[in-house]
Amino acid sequence: MRFMQVAATACAVSALAVAGLAAETAWFPRAAGATETPAPFTPPAEDAIPAGKFGDEVRLGEQIFREPGEHAAAYVGNDLRCSNCHLDAGRLAGSAPMWAAYISYPAYRSKNGHVNSFQERLQGCFRYSMNGKVPPLGDPVLVALESYSFFLAKGLPTGEKPAGRGFPALPKPALAPDYARGAQVYAENCAACHGADGLGQSADGKVVFPPLWGPRSFNWGAGMGSIKNAAEFIHANMPLGMGGTLTPQQSWDVATYIDSQVRPQDPRFTGDVAETRAKFHDNPNSMYGRTVDGAVLGDPKVTPPAGTVPASKAEHK
Amino acid sequence: MDRNTAKAHIHVMTGCSNTSAWWGFVGMGGWMSRAGLALTLALLAPAPVFAGDDPATGATVAMQPGSSGRPACAACHSADGAGQADVGIPRLAGLHASYIADQLGHFATGVRANAIMAPYAASLSADERRAVAEYFAALPIPAPVDPIPEPVAKLDRGMALFQRGDARTGLIACTQCHGPNGVGVGSFTPRLAGQSGPYIAEQLHRWRAGDIRDPRGAYMRAIAARLSPADIEAVAAYAAGLKTGETIENTAGGKP
């Protein structure tokens, strides 16, 4: 056994030497965005989850967060996971981490015009990001997610905005964000994983690269449907593992591209696209109601329905 | 070993003795001893038929030496495409055809620098590279060999990195690109489960040293820069021990 390993090493080393590749400099990508500022807060490690009933709830919350389609099926209407957008299972600073969110509620939200509890905020992500159904307040799914978030926030003071909340702000682009340039950025930097058609890729029956648009992605009411949010998230975190390598301009362009595609209807749809835009999308960060490639985004003729939880799963719960 | 397998090995023998340029590296250390065993067994088979100069089929390239003295792929990667895990020769069976073809192309052009593979890949036409890639891709994934025994702590560290990454260094989990338990995703990421541990480790060490490979190597350099040499060994050992079709819980190492 021993000599074989030595031999293998000899082979490897000779191959390296012949090719002149005995290079020493480690190549390390430097994130250009706020991801580089070390997060002042580190959530407790996974093995710090206590034993007992509360610990069980925390663990369940983490499972739901990682695999909502399995553990909260009745409320999930697409192929996404919470952890697809809130990276490292809601721990990563700069991708809207749950510890920062937990201590920031109750809070007033202009999206619905009143003070929201943390559970109500969680409901919003089911309704829009998961294109699903809203779990009722106090539902075991929400209690578990709240417990998990509470656990992650251990020791963080309430009432102040912690560094690392939300996505790192991105400077306005020099040129107006552009769909065609975005398509180019997408083809070069994103399509290998998310697919040229944006529908993502699966292996062994599990979604590995999540869909960015189409019937199994987030709906028109979701936070990621805002070009600004998407540009900030993408700049900090995409391409996966190489966050901070796109320029701000590229991030705005590609965000415009993915947020100009077909996706499920806004659950607040009034029956009229122009009216829905005026009520809920009246800002430059939303493409809802705009015409792209000859089709009006949000037009029911080309738009999959909102909240499409399969009946079988809804009953199951 | 069936008849065809044995045949291929005989061709290999012939190729070896005549063309030292191809096989100079075989003489090193104990490398020969394992290959030698397979070759000796192969001698029991009937006499070979040499391939002509016509564009070869995938099976021909895989199983028979070329007229230029190029050895058969099977000489190193085995007739069943299993490779030789313990000496770092990668398994090809079950990799995506376009992934194999891309790598052969990169060896041929030097984009992926590898002294052993370069002349081999360059001696094949693009059609032959595609054909042999399809041949190996279509082979069933061979039964896993028993992995090299490793300390539990090393496998546990490997599992943590593979399944969860490491938030402190910004390392994402291997599964985030290579799929659940490293089964590979389409043509983009190769299957890692059950791949040769020494091979995986060598690739990671090279990326860590800034090696240029294909354009996708940019991802892997970013990943490897976040791994210590010990972490590379740990994650490679864990991946090598992953068995396809098994869940995380009952493969090598402790609980996820």
# chains A, B, ... in the order shown; residues from 1 in each chain; ligands from 1
$ residues_around --residues "stretch 93-110 of chain B" --least-positions-apart "5" --cutoff "9 Å" --atoms "only C-alpha atoms" --output "PyMOL selection string"
chain B and resi 80-83+115+117-124+126+129-142+184-191+213-214
$ write_last_selection --atoms "N, CA, C and O atoms" --output "short mmCIF file (atom, residue, chain, number, x, y, z; two decimals), in the first residue's frame"
data_model
loop_
_atom_site.label_atom_id
_atom_site.label_comp_id
_atom_site.auth_asym_id
_atom_site.auth_seq_id
_atom_site.Cartn_x
_atom_site.Cartn_y
_atom_site.Cartn_z
N ASP B 80 -13.23 -1.37 -17.76
CA ASP B 80 -14.56 -0.98 -17.27
C ASP B 80 -14.61 0.50 -16.89
O ASP B 80 -15.61 0.97 -16.35
N GLY B 81 -13.52 1.24 -17.19
CA GLY B 81 -13.50 2.67 -16.91
C GLY B 81 -13.38 3.01 -15.44
O GLY B 81 -13.60 4.15 -15.04
N ALA B 82 -13.00 2.03 -14.63
CA ALA B 82 -12.93 2.27 -13.18
C ALA B 82 -11.70 3.06 -12.78
O ALA B 82 -11.64 3.61 -11.69
N GLY B 83 -10.71 3.14 -13.66
CA GLY B 83 -9.46 3.79 -13.27
C GLY B 83 -8.72 2.94 -12.25
O GLY B 83 -9.02 1.75 -12.08
N ALA B 115 1.45 16.22 -18.61
CA ALA B 115 2.47 15.65 -19.48
C ALA B 115 2.07 14.27 -19.99
O ALA B 115 2.43 13.89 -21.10
N MET B 117 -1.17 12.99 -20.32
CA MET B 117 -2.35 12.97 -21.18
C MET B 117 -2.17 13.78 -22.47
O MET B 117 -2.86 13.52 -23.46
N ALA B 118 -1.28 14.76 -22.47
CA ALA B 118 -1.21 15.67 -23.61
C ALA B 118 -0.94 14.95 -24.94
O ALA B 118 -1.71 15.11 -25.89
N PRO B 119 0.14 14.14 -25.05
CA PRO B 119 0.39 13.50 -26.34
C PRO B 119 -0.72 12.53 -26.71
O PRO B 119 -1.08 12.41 -27.89
N TYR B 120 -1.26 11.90 -25.70
CA TYR B 120 -2.35 10.95 -25.95
C TYR B 120 -3.54 11.66 -26.58
O TYR B 120 -4.05 11.28 -27.63
N ALA B 121 -3.97 12.73 -25.94
CA ALA B 121 -5.15 13.45 -26.43
C ALA B 121 -4.88 14.07 -27.80
O ALA B 121 -5.76 14.09 -28.67
N ALA B 122 -3.65 14.55 -27.98
CA ALA B 122 -3.33 15.21 -29.25
C ALA B 122 -3.30 14.22 -30.41
O ALA B 122 -3.49 14.60 -31.56
N SER B 123 -3.07 12.95 -30.10
CA SER B 123 -3.02 11.96 -31.18
C SER B 123 -4.41 11.57 -31.66
O SER B 123 -4.56 10.87 -32.65
N LEU B 124 -5.43 12.00 -30.94
CA LEU B 124 -6.81 11.69 -31.34
C LEU B 124 -7.41 12.87 -32.08
O LEU B 124 -7.15 14.02 -31.72
N ALA B 126 -10.71 15.23 -33.11
CA ALA B 126 -11.82 15.70 -32.28
C ALA B 126 -12.95 14.68 -32.29
O ALA B 126 -13.58 14.43 -31.25
N ARG B 129 -12.04 11.86 -30.01
CA ARG B 129 -12.15 12.26 -28.61
C ARG B 129 -13.61 12.19 -28.16
O ARG B 129 -13.93 11.72 -27.07
N ARG B 130 -14.48 12.68 -29.05
CA ARG B 130 -15.90 12.65 -28.70
C ARG B 130 -16.39 11.20 -28.60
O ARG B 130 -17.13 10.84 -27.69
N ALA B 131 -15.94 10.38 -29.56
CA ALA B 131 -16.41 8.99 -29.58
C ALA B 131 -15.96 8.24 -28.32
O ALA B 131 -16.74 7.53 -27.69
N VAL B 132 -14.70 8.43 -27.95
CA VAL B 132 -14.21 7.68 -26.78
C VAL B 132 -14.84 8.24 -25.50
O VAL B 132 -15.11 7.50 -24.55
N ALA B 133 -15.14 9.52 -25.51
CA ALA B 133 -15.81 10.12 -24.35
C ALA B 133 -17.20 9.51 -24.19
O ALA B 133 -17.60 9.14 -23.08
N GLU B 134 -17.89 9.38 -25.31
CA GLU B 134 -19.23 8.78 -25.24
C GLU B 134 -19.15 7.33 -24.79
O GLU B 134 -20.00 6.84 -24.05
N TYR B 135 -18.10 6.67 -25.25
CA TYR B 135 -17.93 5.26 -24.87
C TYR B 135 -17.81 5.12 -23.34
O TYR B 135 -18.53 4.36 -22.71
N PHE B 136 -16.91 5.89 -22.76
CA PHE B 136 -16.71 5.76 -21.31
C PHE B 136 -17.91 6.28 -20.52
O PHE B 136 -18.28 5.74 -19.48
N ALA B 137 -18.52 7.34 -21.03
CA ALA B 137 -19.66 7.92 -20.31
C ALA B 137 -20.80 6.91 -20.20
O ALA B 137 -21.56 6.91 -19.23
N ALA B 138 -20.90 6.05 -21.22
CA ALA B 138 -22.03 5.12 -21.25
C ALA B 138 -21.79 3.87 -20.41
O ALA B 138 -22.71 3.09 -20.17
N LEU B 139 -20.57 3.65 -19.95
CA LEU B 139 -20.29 2.45 -19.15
C LEU B 139 -20.98 2.57 -17.79
O LEU B 139 -21.07 3.66 -17.23
N PRO B 140 -21.46 1.45 -17.27
CA PRO B 140 -22.06 1.51 -15.93
C PRO B 140 -21.01 1.90 -14.90
O PRO B 140 -19.83 1.58 -15.06
N ILE B 141 -21.45 2.57 -13.86
CA ILE B 141 -20.49 2.98 -12.82
C ILE B 141 -20.04 1.72 -12.08
O ILE B 141 -20.86 0.98 -11.55
N PRO B 142 -18.73 1.47 -12.09
CA PRO B 142 -18.26 0.22 -11.49
C PRO B 142 -18.52 0.18 -9.99
O PRO B 142 -18.60 1.22 -9.33
N GLY B 184 -22.62 14.66 -9.30
CA GLY B 184 -22.35 15.40 -10.53
C GLY B 184 -23.63 15.99 -11.08
O GLY B 184 -24.72 15.47 -10.85
N VAL B 185 -23.52 17.12 -11.79
CA VAL B 185 -24.70 17.79 -12.34
C VAL B 185 -24.47 18.03 -13.83
O VAL B 185 -23.64 18.85 -14.22
N GLY B 186 -25.20 17.29 -14.64
CA GLY B 186 -25.15 17.48 -16.09
C GLY B 186 -23.72 17.48 -16.59
O GLY B 186 -22.86 16.73 -16.12
N SER B 187 -23.48 18.34 -17.57
CA SER B 187 -22.14 18.39 -18.15
C SER B 187 -21.27 19.37 -17.38
O SER B 187 -20.08 19.49 -17.65
N PHE B 188 -21.85 20.06 -16.38
CA PHE B 188 -21.10 21.13 -15.72
C PHE B 188 -20.15 20.61 -14.67
O PHE B 188 -18.97 20.96 -14.64
N THR B 189 -20.63 19.77 -13.77
CA THR B 189 -19.74 19.29 -12.70
C THR B 189 -19.63 17.78 -12.74
O THR B 189 -20.63 17.08 -12.83
N PRO B 190 -18.40 17.27 -12.66
CA PRO B 190 -18.21 15.82 -12.69
C PRO B 190 -18.64 15.16 -11.39
O PRO B 190 -18.62 15.78 -10.33
N ARG B 191 -19.00 13.89 -11.51
CA ARG B 191 -19.30 13.07 -10.33
C ARG B 191 -18.04 12.93 -9.48
O ARG B 191 -16.95 12.68 -9.99
N ARG B 213 -6.68 25.47 -15.76
CA ARG B 213 -7.28 24.33 -16.44
C ARG B 213 -8.26 24.89 -17.44
O ARG B 213 -7.97 25.84 -18.13
N ASP B 214 -9.43 24.27 -17.55
CA ASP B 214 -10.40 24.84 -18.48
C ASP B 214 -11.07 26.04 -17.81
O ASP B 214 -10.83 26.30 -16.63
#
$ closest_residue --among "A:Ala180, A:Val262, A:Leu142, A:Val208" --to "B:His178" --atoms "only C-alpha atoms"
A:Val208
$ residues_around --residues "stretch 272-280 of chain A" --least-positions-apart "4" --cutoff "8 Å" --atoms "only C-alpha atoms" --output "count of residues only"
5
$ closest_residue --among "A:Lys161, A:Asn112, A:Arg263, A:Pro310" --to "A:Val296" --atoms "only C-alpha atoms"
A:Arg263
$ residues_around --residues "A:Arg66" --least-positions-apart "6" --cutoff "8 Å" --atoms "only C-alpha atoms" --output "PyMOL selection string"
chain A and resi 81-83+89
$ residues_around --residues "stretch 184-189 of chain A" --least-positions-apart "3" --cutoff "7 Å" --atoms "only C-alpha atoms" --output "list of chain:residue names"
A:Ala180, A:Arg181, A:Ala196, A:Pro239, A:Gln250, A:Val254
$ residues_around --residues "A:Ala169" --least-positions-apart "6" --cutoff "10 Å" --atoms "only C-alpha atoms" --output "ChimeraX atom specification"
/A:33-34,94,228-229,231-233,235-236
$ residues_around --residues "A:Gly138" --least-positions-apart "2" --cutoff "12 Å" --atoms "only C-alpha atoms" --output "ChimeraX atom specification"
/A:117-120,122-123,134-136,140-147
$ atom_distance --atom1 "atom CA of A:Gly198" --atom2 "atom CA of A:Pro171"
26.1 Å
$ closest_residue --among "B:Gly197, B:Pro144, B:Gly179, B:Gly66" --to "A:Cys193" --atoms "only C-alpha atoms"
B:Gly179
$ closest_residue --among "B:Pro149, B:Pro215, B:Gly69, B:Pro180" --to "chain A" --atoms "only C-alpha atoms"
B:Pro180
$ select_by_dssp --residues "stretch 50-222 of chain A" --states "helix (DSSP H, G or I)" --output "ChimeraX atom specification"
/A:53-66,68-71,73-75,82-85,87-90,98-102,118-127,140-152,179-189,191-194
$ atom_distance --atom1 "atom CA of A:Pro304" --atom2 "atom CA of A:Gly214"
8.0 Å
$ closest_residue --among "B:Lys154, B:Met220, B:His205, B:Val145" --to "B:Cys177" --atoms "only C-alpha atoms"
B:Met220
$ atom_distance --atom1 "atom CA of A:Gln265" --atom2 "atom CA of A:Asn219"
5.8 Å
